[in-house]
$ cat coords_27.pdb   # PDB, C-alpha atoms and all ligand atoms
MODEL        1
ATOM      1  CA  MET A 192     -27.775 -90.452 -78.439
ATOM      2  CA  SER A 193     -27.596 -90.572 -74.658
ATOM      3  CA  LEU A 194     -24.102 -92.004 -74.091
ATOM      4  CA  THR A 195     -20.912 -89.944 -73.893
ATOM      5  CA  LEU A 196     -17.516 -91.536 -73.318
ATOM      6  CA  TYR A 197     -14.823 -89.397 -71.721
ATOM      7  CA  TYR A 198     -11.624 -90.884 -73.013
ATOM      8  CA  HIS A 199      -8.296 -90.493 -74.765
ATOM      9  CA  PRO A 200      -7.442 -92.540 -77.879
ATOM     10  CA  LEU A 201      -4.097 -93.697 -76.414
ATOM     11  CA  SER A 202      -5.434 -94.696 -73.028
ATOM     12  CA  SER A 203      -5.290 -98.438 -72.526
ATOM     13  CA  PHE A 204      -8.216 -98.613 -70.109
ATOM     14  CA  CYS A 205     -10.281 -96.470 -72.498
ATOM     15  CA  TRP A 206      -9.520 -99.025 -75.205
ATOM     16  CA  LYS A 207     -11.237-101.620 -73.042
ATOM     17  CA  ALA A 208     -14.489 -99.626 -73.022
ATOM     18  CA  LEU A 209     -14.155 -98.667 -76.692
ATOM     19  CA  ILE A 210     -13.826-102.312 -77.732
ATOM     20  CA  ALA A 211     -17.139-103.047 -76.005
ATOM     21  CA  LEU A 212     -18.848-100.056 -77.630
ATOM     22  CA  TYR A 213     -17.512-100.930 -81.091
ATOM     23  CA  GLU A 214     -18.379-104.624 -80.706
ATOM     24  CA  ASN A 215     -22.059-103.754 -80.760
ATOM     25  CA  ASP A 216     -21.913-100.518 -82.751
ATOM     26  CA  THR A 217     -23.423 -98.846 -79.707
ATOM     27  CA  PRO A 218     -24.094 -95.180 -80.526
ATOM     28  CA  PHE A 219     -22.144 -92.781 -78.301
ATOM     29  CA  THR A 220     -20.464 -89.404 -78.384
ATOM     30  CA  PRO A 221     -16.687 -89.609 -77.918
ATOM     31  CA  GLN A 222     -15.491 -86.789 -75.666
ATOM     32  CA  MET A 223     -11.710 -86.638 -75.836
ATOM     33  CA  VAL A 224     -10.039 -85.420 -72.626
ATOM     34  CA  ASP A 225      -6.596 -83.839 -72.659
ATOM     35  CA  LEU A 226      -5.439 -84.246 -69.060
ATOM     36  CA  SER A 227      -2.709 -81.648 -69.596
ATOM     37  CA  ASN A 228      -5.442 -79.073 -70.215
ATOM     38  CA  PRO A 229      -6.509 -77.727 -66.774
ATOM     39  CA  ASP A 230     -10.099 -77.060 -67.860
ATOM     40  CA  GLU A 231     -10.557 -80.531 -69.332
ATOM     41  CA  ARG A 232      -8.965 -82.161 -66.285
ATOM     42  CA  ALA A 233     -11.251 -80.141 -63.994
ATOM     43  CA  ALA A 234     -14.298 -81.219 -66.031
ATOM     44  CA  LEU A 235     -13.302 -84.884 -65.636
ATOM     45  CA  LEU A 236     -12.651 -84.450 -61.905
ATOM     46  CA  LYS A 237     -16.094 -82.927 -61.548
ATOM     47  CA  ILE A 238     -17.834 -86.070 -62.799
ATOM     48  CA  TRP A 239     -15.324 -88.583 -61.313
ATOM     49  CA  PRO A 240     -13.108 -87.124 -58.587
ATOM     50  CA  ILE A 241     -10.588 -89.954 -59.038
ATOM     51  CA  GLY A 242      -9.727 -88.210 -62.321
ATOM     52  CA  LYS A 243      -9.121 -91.341 -64.395
ATOM     53  CA  PHE A 244     -10.805 -92.323 -67.626
ATOM     54  CA  PRO A 245     -12.786 -93.942 -69.183
ATOM     55  CA  VAL A 246     -15.983 -92.488 -67.742
ATOM     56  CA  LEU A 247     -19.375 -93.033 -69.360
ATOM     57  CA  ARG A 248     -22.184 -90.512 -68.990
ATOM     58  CA  ASP A 249     -25.709 -91.696 -69.709
ATOM     59  CA  SER A 250     -27.904 -88.608 -70.020
ATOM     60  CA  ALA A 251     -31.067 -90.699 -70.576
ATOM     61  CA  LYS A 252     -30.730 -92.307 -67.152
ATOM     62  CA  ASP A 253     -28.815 -89.415 -65.552
ATOM     63  CA  ARG A 254     -25.927 -91.708 -64.570
ATOM     64  CA  ILE A 255     -22.170 -91.355 -64.440
ATOM     65  CA  VAL A 256     -20.434 -94.702 -64.855
ATOM     66  CA  PRO A 257     -16.675 -94.810 -64.205
ATOM     67  CA  GLU A 258     -14.301 -97.835 -64.343
ATOM     68  CA  SER A 259     -13.850 -99.814 -67.542
ATOM     69  CA  THR A 260     -15.208-103.099 -66.177
ATOM     70  CA  VAL A 261     -18.258-101.406 -64.708
ATOM     71  CA  ILE A 262     -18.868 -99.534 -67.968
ATOM     72  CA  ILE A 263     -18.849-102.811 -69.890
ATOM     73  CA  GLU A 264     -21.232-104.457 -67.430
ATOM     74  CA  TYR A 265     -23.457-101.371 -67.669
ATOM     75  CA  LEU A 266     -23.528-101.560 -71.457
ATOM     76  CA  ASP A 267     -24.250-105.289 -71.274
ATOM     77  CA  THR A 268     -27.199-104.658 -68.963
ATOM     78  CA  HIS A 269     -28.710-101.464 -70.391
ATOM     79  CA  TYR A 270     -27.542-101.360 -74.021
ATOM     80  CA  PRO A 271     -27.079-105.027 -74.975
ATOM     81  CA  GLY A 272     -26.080-106.026 -78.473
ATOM     82  CA  ALA A 273     -25.109-109.153 -80.381
ATOM     83  CA  THR A 274     -21.896-109.548 -78.365
ATOM     84  CA  ARG A 275     -22.735-110.285 -74.732
ATOM     85  CA  PHE A 276     -19.810-109.561 -72.420
ATOM     86  CA  LEU A 277     -20.835-111.733 -69.469
ATOM     87  CA  PRO A 278     -22.401-115.158 -69.779
ATOM     88  CA  GLU A 279     -25.791-115.815 -68.207
ATOM     89  CA  ASP A 280     -24.484-118.801 -66.278
ATOM     90  CA  ALA A 281     -23.335-117.584 -62.846
ATOM     91  CA  ASP A 282     -20.243-119.794 -62.682
ATOM     92  CA  ALA A 283     -19.168-118.879 -66.203
ATOM     93  CA  ALA A 284     -19.744-115.195 -65.330
ATOM     94  CA  ARG A 285     -17.558-115.594 -62.226
ATOM     95  CA  GLN A 286     -14.782-117.114 -64.330
ATOM     96  CA  THR A 287     -15.086-114.263 -66.827
ATOM     97  CA  ARG A 288     -14.863-111.672 -64.045
ATOM     98  CA  LEU A 289     -11.808-113.469 -62.665
ATOM     99  CA  ARG A 290     -10.064-113.186 -66.065
ATOM    100  CA  ASP A 291     -11.029-109.504 -66.196
ATOM    101  CA  ARG A 292      -9.495-108.916 -62.760
ATOM    102  CA  PHE A 293      -6.454-111.009 -63.708
ATOM    103  CA  TYR A 294      -5.723-108.956 -66.822
ATOM    104  CA  ASP A 295      -6.375-105.608 -65.113
ATOM    105  CA  LEU A 296      -4.517-106.242 -61.873
ATOM    106  CA  TYR A 297      -1.641-108.494 -62.880
ATOM    107  CA  VAL A 298      -0.873-107.490 -66.471
ATOM    108  CA  HIS A 299      -2.378-104.052 -67.117
ATOM    109  CA  LEU A 300      -1.379-102.276 -63.890
ATOM    110  CA  PRO A 301       2.196-103.689 -63.902
ATOM    111  CA  MET A 302       2.446-102.611 -67.553
ATOM    112  CA  GLN A 303       1.400 -99.096 -66.502
ATOM    113  CA  LYS A 304       4.098 -99.215 -63.826
ATOM    114  CA  VAL A 305       6.775-100.055 -66.425
ATOM    115  CA  VAL A 306       5.616 -97.467 -68.964
ATOM    116  CA  GLY A 307       4.787 -94.821 -66.346
ATOM    117  CA  ASP A 308       8.263 -95.066 -64.860
ATOM    118  CA  ARG A 309       9.694 -93.883 -68.200
ATOM    119  CA  LEU A 310       7.823 -90.604 -67.764
ATOM    120  CA  ARG A 311       9.346 -89.886 -64.351
ATOM    121  CA  PRO A 312      12.330 -87.589 -63.865
ATOM    122  CA  ALA A 313      15.515 -89.717 -63.744
ATOM    123  CA  ALA A 314      15.980 -89.089 -59.999
ATOM    124  CA  SER A 315      12.467 -90.309 -59.193
ATOM    125  CA  ARG A 316      12.544 -93.578 -61.104
ATOM    126  CA  ASP A 317      11.805 -96.847 -59.326
ATOM    127  CA  PRO A 318      13.968 -99.573 -60.904
ATOM    128  CA  TYR A 319      13.155-102.090 -58.154
ATOM    129  CA  GLY A 320       9.409-101.608 -58.638
ATOM    130  CA  VAL A 321       9.809-101.836 -62.414
ATOM    131  CA  GLU A 322      11.687-105.150 -62.131
ATOM    132  CA  GLU A 323       8.952-106.490 -59.844
ATOM    133  CA  ALA A 324       6.302-105.402 -62.362
ATOM    134  CA  LYS A 325       8.170-107.024 -65.244
ATOM    135  CA  ALA A 326       8.490-110.290 -63.302
ATOM    136  CA  ARG A 327       4.748-110.242 -62.592
ATOM    137  CA  ILE A 328       3.960-109.674 -66.272
ATOM    138  CA  THR A 329       6.276-112.498 -67.347
ATOM    139  CA  SER A 330       4.725-114.946 -64.908
ATOM    140  CA  CYS A 331       1.270-113.970 -66.235
ATOM    141  CA  TYR A 332       2.417-114.550 -69.819
ATOM    142  CA  GLY A 333       3.199-118.143 -68.813
ATOM    143  CA  MET A 334      -0.306-118.620 -67.390
ATOM    144  CA  ILE A 335      -1.960-116.997 -70.398
ATOM    145  CA  ASP A 336       0.144-118.987 -72.855
ATOM    146  CA  ARG A 337      -1.067-122.276 -71.410
ATOM    147  CA  GLU A 338      -4.649-121.075 -71.371
ATOM    148  CA  VAL A 339      -4.966-119.614 -74.880
ATOM    149  CA  ALA A 340      -3.016-122.451 -76.527
ATOM    150  CA  SER A 341      -6.255-124.373 -76.955
ATOM    151  CA  ARG A 342      -8.890-121.621 -77.254
ATOM    152  CA  THR A 343      -9.731-118.768 -79.596
ATOM    153  CA  TRP A 344     -10.659-116.150 -76.998
ATOM    154  CA  ALA A 345      -9.754-115.605 -73.366
ATOM    155  CA  MET A 346     -12.722-117.614 -72.097
ATOM    156  CA  GLY A 347     -13.057-120.131 -74.908
ATOM    157  CA  GLU A 348     -14.919-119.725 -78.174
ATOM    158  CA  THR A 349     -16.981-116.683 -77.163
ATOM    159  CA  PHE A 350     -15.607-113.147 -77.125
ATOM    160  CA  SER A 351     -16.286-111.535 -73.727
ATOM    161  CA  LEU A 352     -15.374-108.965 -71.093
ATOM    162  CA  ALA A 353     -12.173-110.956 -70.563
ATOM    163  CA  ASP A 354     -11.035-110.184 -74.129
ATOM    164  CA  CYS A 355     -11.861-106.481 -73.716
ATOM    165  CA  ALA A 356      -9.507-106.539 -70.701
ATOM    166  CA  ALA A 357      -6.853-108.701 -72.341
ATOM    167  CA  ALA A 358      -6.480-106.745 -75.594
ATOM    168  CA  PRO A 359      -5.061-103.447 -74.243
ATOM    169  CA  ALA A 360      -3.129-105.168 -71.436
ATOM    170  CA  LEU A 361      -1.329-107.462 -73.890
ATOM    171  CA  PHE A 362      -0.892-104.887 -76.661
ATOM    172  CA  TYR A 363       0.955-102.466 -74.383
ATOM    173  CA  GLY A 364       2.316-105.333 -72.292
ATOM    174  CA  ASN A 365       4.220-106.643 -75.301
ATOM    175  CA  MET A 366       5.771-103.187 -75.716
ATOM    176  CA  ALA A 367       6.819-103.121 -72.047
ATOM    177  CA  VAL A 368       7.899-106.779 -71.763
ATOM    178  CA  PRO A 369       8.076-108.493 -75.185
ATOM    179  CA  PHE A 370       6.388-111.916 -75.236
ATOM    180  CA  GLY A 371       9.468-113.778 -76.474
ATOM    181  CA  ALA A 372       9.513-117.090 -78.351
ATOM    182  CA  GLU A 373       8.392-119.034 -75.267
ATOM    183  CA  HIS A 374       5.027-117.239 -75.264
ATOM    184  CA  ARG A 375       4.037-117.803 -78.873
ATOM    185  CA  HIS A 376       0.439-118.672 -77.974
ATOM    186  CA  VAL A 377       0.045-115.303 -76.252
ATOM    187  CA  ALA A 378       1.452-113.626 -79.368
ATOM    188  CA  ALA A 379      -0.977-115.577 -81.582
ATOM    189  CA  TYR A 380      -3.882-114.672 -79.300
ATOM    190  CA  LEU A 381      -2.975-110.978 -79.486
ATOM    191  CA  GLU A 382      -2.916-111.215 -83.295
ATOM    192  CA  ARG A 383      -6.414-112.722 -83.210
ATOM    193  CA  VAL A 384      -7.663-109.914 -81.002
ATOM    194  CA  LYS A 385      -5.968-107.290 -83.188
ATOM    195  CA  ALA A 386      -7.830-108.711 -86.197
ATOM    196  CA  ARG A 387     -11.176-108.415 -84.411
ATOM    197  CA  PRO A 388     -12.920-105.417 -86.077
ATOM    198  CA  SER A 389     -13.687-103.679 -82.768
ATOM    199  CA  PHE A 390     -10.049-103.689 -81.626
ATOM    200  CA  ALA A 391      -8.714-103.042 -85.139
ATOM    201  CA  ARG A 392     -10.809 -99.852 -85.124
ATOM    202  CA  VAL A 393      -9.459 -98.826 -81.714
ATOM    203  CA  LEU A 394      -5.889 -99.304 -82.953
ATOM    204  CA  LYS A 395      -6.546 -97.396 -86.175
ATOM    205  CA  GLU A 396      -7.922 -94.443 -84.230
ATOM    206  CA  ALA A 397      -4.985 -94.540 -81.792
ATOM    207  CA  ALA A 398      -2.325 -94.755 -84.530
ATOM    208  CA  PRO A 399      -1.921 -90.975 -85.012
ATOM    209  CA  TYR A 400      -1.037 -90.680 -81.299
ATOM    210  CA  PHE A 401       1.410 -93.584 -80.974
ATOM    211  CA  GLY A 402       4.378 -91.205 -81.143
ATOM    212  CA  MET A 403       3.349 -89.992 -77.658
ATOM    213  CA  VAL A 404       3.926 -93.439 -76.054
ATOM    214  CA  PRO A 405       7.125 -93.290 -73.986
ATOM    215  CA  LYS A 406       9.815 -95.641 -75.311
ATOM    216  CA  ALA A 407      12.260 -97.680 -73.199
TER
HETATM  217  N1  LIG B 501      -9.416 -98.934 -62.893
HETATM  218  C1  LIG B 501      -9.596 -97.931 -63.921
HETATM  219  C2  LIG B 501      -8.217 -97.508 -64.426
HETATM  220  C3  LIG B 501      -8.304 -96.307 -65.333
HETATM  221  C4  LIG B 501      -6.931 -95.727 -65.661
HETATM  222  O1  LIG B 501      -5.892 -96.072 -65.067
HETATM  223  N2  LIG B 501      -6.920 -94.801 -66.608
HETATM  224  C5  LIG B 501      -5.703 -94.116 -66.962
HETATM  225  C6  LIG B 501      -5.522 -94.100 -68.466
HETATM  226  S1  LIG B 501      -5.241 -95.712 -69.112
HETATM  227  C7  LIG B 501      -5.805 -92.673 -66.517
HETATM  228  O2  LIG B 501      -6.860 -92.116 -66.440
HETATM  229  N3  LIG B 501      -4.650 -92.056 -66.233
HETATM  230  C8  LIG B 501      -4.594 -90.671 -65.917
HETATM  231  C9  LIG B 501      -4.163 -90.402 -64.515
HETATM  232  O3  LIG B 501      -3.984 -91.349 -63.735
HETATM  233  O4  LIG B 501      -4.004 -89.210 -64.196
HETATM  234  C10 LIG B 501     -10.478 -98.478 -65.055
HETATM  235  O5  LIG B 501     -10.541 -99.712 -65.211
HETATM  236  O6  LIG B 501     -11.125 -97.688 -65.764
ENDMDL
END

$ encode --input "coords_27.pdb" --output "structure tokens" --more "lines below"
Ligand SMILES: N[C@@H](CCC(=O)N[C@@H](CS)C(=O)NCC(=O)O)C(=O)O
Amino acid sequence: MSLTLYYHPLSSFCWKALIALYENDTPFTPQMVDLSNPDERAALLKIWPIGKFPVLRDSAKDRIVPESTVIIEYLDTHYPGATRFLPEDADAARQTRLRDRFYDLYVHLPMQKVVGDRLRPAASRDPYGVEEAKARITSCYGMIDREVASRTWAMGETFSLADCAAAPALFYGNMAVPFGAEHRHVAAYLERVKARPSFARVLKEAAPYFGMVPKA
């Protein structure tokens, strides 16, 4: 088994990579990283000085692959399975990448802003930034709601990279900014993704750690 994933079971961006690995039952060694442990943090920094996970190590090819999107593209190229994460057609692939960027940049990162602010000391909180992030998330919910009203997955009828990005962003997004009745198609889409065996497995493995998620 040549693949090792440096990850934490609660980490939303790690979920993205885990969904892709579980989709195809790709063999890998999970290497849990406790960032509060100085030795484990130093080990992560050594392979990816940015210090964020997920990071994939491929010992067969002697490669370190950071960044969830890049990991999924790497798996799709070098360890393909039944679920392909990017379509062959260049225009369809561009659209899929756009959805991936959309979910990461405009839902996932603002969600991290909202949740991360809860971990700050009271005097260092950023209420203005949090309100901006919440407004961004809400405007995205409107876009997503219109899009998923008439499709099963983020890109249509085929599960893809876009769904790997959407699942964690919307799961935690709903905890940060609840969908509300006006975004019922987003809620229904999230239920579909939660029922997908790959994401259901991610959630089951994360469940013992959910008490660590900061509440509002
Ligand atoms: N752009 C990165 C984001 C990764 C990321 O933000 N990971 C978070 C966990 S969800 C992390 O490592 N946080 C720890 C830190 O920032 O110290 C990706 O897509 O992999």

$ atom_distance --input "coords_27.pdb" --atom1 "CA of Asp291 (chain A)" --atom2 "atom C8 of ligand LIG 501 (chain B)"
19.9 Å

$ closest_atom_pairs --input "coords_27.pdb" --of "chain A" --to "ligand LIG 501 (chain B)" --cutoff "9 Å" --atoms "only C-alpha atoms and all ligand atoms" --output "CSV"
residue,atom,partner,partner_atom,distance
A:Tyr198,CA,B:LIG501,O2,8.2
A:His199,CA,B:LIG501,C6,7.8
A:Leu201,CA,B:LIG501,S1,7.7
A:Ser202,CA,B:LIG501,S1,4.1
A:Ser203,CA,B:LIG501,S1,4.4
A:Phe204,CA,B:LIG501,S1,4.3
A:Cys205,CA,B:LIG501,S1,6.1
A:Trp206,CA,B:LIG501,S1,8.1
A:Lys207,CA,B:LIG501,O5,8.1
A:Ala208,CA,B:LIG501,O6,8.2
A:Leu226,CA,B:LIG501,O4,7.1
A:Arg232,CA,B:LIG501,O4,8.9
A:Ile241,CA,B:LIG501,O3,8.2
A:Gly242,CA,B:LIG501,O4,6.1
A:Lys243,CA,B:LIG501,O2,3.1
A:Phe244,CA,B:LIG501,O2,4.1
A:Pro245,CA,B:LIG501,O6,5.3
A:Val246,CA,B:LIG501,O6,7.4
A:Pro257,CA,B:LIG501,O6,6.4
A:Glu258,CA,B:LIG501,O6,3.5
A:Ser259,CA,B:LIG501,O6,3.9
A:Thr260,CA,B:LIG501,O5,5.8
A:Val261,CA,B:LIG501,O5,7.9
A:Ile262,CA,B:LIG501,O6,8.3
A:Asp295,CA,B:LIG501,O5,7.2
A:Leu296,CA,B:LIG501,N1,8.9
A:His299,CA,B:LIG501,O1,9.0
A:Leu300,CA,B:LIG501,O1,7.8
A:Gln303,CA,B:LIG501,S1,7.9
A:Ala356,CA,B:LIG501,O5,8.8

$ atom_distance --input "coords_27.pdb" --atom1 "CA of Leu266 (chain A)" --atom2 "CA of Ser389 (chain A)"
15.1 Å

$ resolve_selection --input "coords_27.pdb" --expression "the PyMOL selection byres (((chain A and resi 325-341) around 6) and not hetatm)" --output "list of chain:residue names"
A:Val298, A:Glu322, A:Glu323, A:Ala324, A:Arg342, A:His374, A:His376, A:Val377

$ resolve_selection --input "coords_27.pdb" --expression "the PyMOL selection byres (((chain A and resi 251) around 9) and not hetatm)" --output "ChimeraX atom specification"
/A:192-194,249-250,252-254

$ atom_distance --input "coords_27.pdb" --atom1 "CA of Asn215 (chain A)" --atom2 "CA of Pro200 (chain A)"
18.6 Å

$ residues_near_point --input "coords_27.pdb" --point "(-9.5, -106.2, -80.9)" --cutoff "12 Å" --atoms "all atoms listed in the file" --output "PyMOL selection string"
chain A and resi 206-214+344+350-362+380-395

$ closest_residue --input "coords_27.pdb" --among "A:Ala313, A:Val305, A:Leu236, A:Met346" --to "Thr287 (chain A)" --atoms "all atoms listed in the file"
A:Met346

$ closest_residue --input "coords_27.pdb" --among "A:Pro271, A:Met403, A:Ile255, A:Tyr265" --to "Pro240 (chain A)" --atoms "all atoms listed in the file"
A:Ile255

$ closest_residue --input "coords_27.pdb" --among "A:Glu396, A:Ala407, A:Gly402, A:Glu348" --to "Met366 (chain A)" --atoms "all atoms listed in the file"
A:Ala407

$ closest_residue --input "coords_27.pdb" --among "A:Ala378, A:Asp216, A:Asp308, A:Ala345" --to "Arg290 (chain A)" --atoms "only C-alpha atoms"
A:Ala345

$ closest_residue --input "coords_27.pdb" --among "A:Arg285, A:Thr217, A:Met223, A:Arg311" --to "Tyr270 (chain A)" --atoms "only C-alpha atoms"
A:Thr217

$ build_atoms --input "coords_27.pdb" --residues "region 320-353 of chain A" --atoms "N, CA and C atoms" --output "short mmCIF file (atom, residue, chain, number, x, y, z; two decimals), in the coordinates of the input"
data_model
loop_
_atom_site.label_atom_id
_atom_site.label_comp_id
_atom_site.auth_asym_id
_atom_site.auth_seq_id
_atom_site.Cartn_x
_atom_site.Cartn_y
_atom_site.Cartn_z
N GLY A 320 10.84 -101.41 -58.36
CA GLY A 320 9.41 -101.61 -58.64
C GLY A 320 9.17 -102.04 -60.08
N VAL A 321 9.96 -101.48 -61.00
CA VAL A 321 9.81 -101.84 -62.41
C VAL A 321 10.20 -103.30 -62.63
N GLU A 322 11.29 -103.74 -61.98
CA GLU A 322 11.69 -105.15 -62.13
C GLU A 322 10.63 -106.08 -61.56
N GLU A 323 10.05 -105.69 -60.43
CA GLU A 323 8.95 -106.49 -59.84
C GLU A 323 7.78 -106.58 -60.82
N ALA A 324 7.44 -105.44 -61.43
CA ALA A 324 6.30 -105.40 -62.36
C ALA A 324 6.60 -106.28 -63.57
N LYS A 325 7.82 -106.21 -64.07
CA LYS A 325 8.17 -107.02 -65.24
C LYS A 325 8.09 -108.52 -64.91
N ALA A 326 8.54 -108.88 -63.70
CA ALA A 326 8.49 -110.29 -63.30
C ALA A 326 7.04 -110.75 -63.21
N ARG A 327 6.18 -109.90 -62.69
CA ARG A 327 4.75 -110.24 -62.59
C ARG A 327 4.17 -110.47 -63.99
N ILE A 328 4.49 -109.56 -64.91
CA ILE A 328 3.96 -109.67 -66.27
C ILE A 328 4.44 -110.99 -66.91
N THR A 329 5.73 -111.28 -66.73
CA THR A 329 6.28 -112.50 -67.35
C THR A 329 5.60 -113.75 -66.78
N SER A 330 5.37 -113.75 -65.47
CA SER A 330 4.72 -114.95 -64.91
C SER A 330 3.29 -115.06 -65.43
N CYS A 331 2.63 -113.93 -65.66
CA CYS A 331 1.27 -113.97 -66.24
C CYS A 331 1.31 -114.48 -67.67
N TYR A 332 2.32 -114.06 -68.44
CA TYR A 332 2.42 -114.55 -69.82
C TYR A 332 2.43 -116.09 -69.83
N GLY A 333 3.14 -116.68 -68.87
CA GLY A 333 3.20 -118.14 -68.81
C GLY A 333 1.82 -118.74 -68.59
N MET A 334 1.05 -118.13 -67.67
CA MET A 334 -0.31 -118.62 -67.39
C MET A 334 -1.20 -118.46 -68.61
N ILE A 335 -1.09 -117.28 -69.24
CA ILE A 335 -1.96 -117.00 -70.40
C ILE A 335 -1.61 -117.94 -71.55
N ASP A 336 -0.30 -118.15 -71.74
CA ASP A 336 0.14 -118.99 -72.86
C ASP A 336 -0.48 -120.38 -72.78
N ARG A 337 -0.49 -120.94 -71.58
CA ARG A 337 -1.07 -122.28 -71.41
C ARG A 337 -2.57 -122.24 -71.68
N GLU A 338 -3.20 -121.15 -71.26
CA GLU A 338 -4.65 -121.08 -71.37
C GLU A 338 -5.11 -120.87 -72.82
N VAL A 339 -4.46 -119.94 -73.53
CA VAL A 339 -4.97 -119.61 -74.88
C VAL A 339 -4.42 -120.55 -75.95
N ALA A 340 -3.56 -121.49 -75.55
CA ALA A 340 -3.02 -122.45 -76.53
C ALA A 340 -4.14 -123.24 -77.18
N SER A 341 -5.21 -123.48 -76.45
CA SER A 341 -6.26 -124.37 -76.96
C SER A 341 -7.61 -123.67 -77.06
N ARG A 342 -7.61 -122.31 -77.10
CA ARG A 342 -8.89 -121.62 -77.25
C ARG A 342 -8.71 -120.38 -78.13
N THR A 343 -9.80 -119.94 -78.71
CA THR A 343 -9.73 -118.77 -79.60
C THR A 343 -9.67 -117.49 -78.78
N TRP A 344 -10.57 -117.37 -77.81
CA TRP A 344 -10.66 -116.15 -77.00
C TRP A 344 -10.29 -116.46 -75.55
N ALA A 345 -10.26 -115.44 -74.73
CA ALA A 345 -9.75 -115.60 -73.37
C ALA A 345 -10.57 -116.61 -72.56
N MET A 346 -11.87 -116.70 -72.86
CA MET A 346 -12.72 -117.61 -72.10
C MET A 346 -13.11 -118.85 -72.89
N GLY A 347 -12.66 -118.97 -74.10
CA GLY A 347 -13.06 -120.13 -74.91
C GLY A 347 -13.38 -119.69 -76.32
N GLU A 348 -14.56 -120.04 -76.78
CA GLU A 348 -14.92 -119.72 -78.17
C GLU A 348 -15.82 -118.50 -78.28
N THR A 349 -16.11 -117.86 -77.15
CA THR A 349 -16.98 -116.68 -77.16
C THR A 349 -16.22 -115.45 -76.68
N PHE A 350 -16.25 -114.41 -77.49
CA PHE A 350 -15.61 -113.15 -77.12
C PHE A 350 -16.37 -112.54 -75.94
N SER A 351 -15.63 -111.98 -74.96
CA SER A 351 -16.29 -111.54 -73.73
C SER A 351 -15.54 -110.36 -73.09
N LEU A 352 -16.04 -109.97 -71.93
CA LEU A 352 -15.37 -108.96 -71.09
C LEU A 352 -13.89 -109.28 -70.93
N ALA A 353 -13.57 -110.56 -70.78
CA ALA A 353 -12.17 -110.96 -70.56
C ALA A 353 -11.29 -110.53 -71.74
#
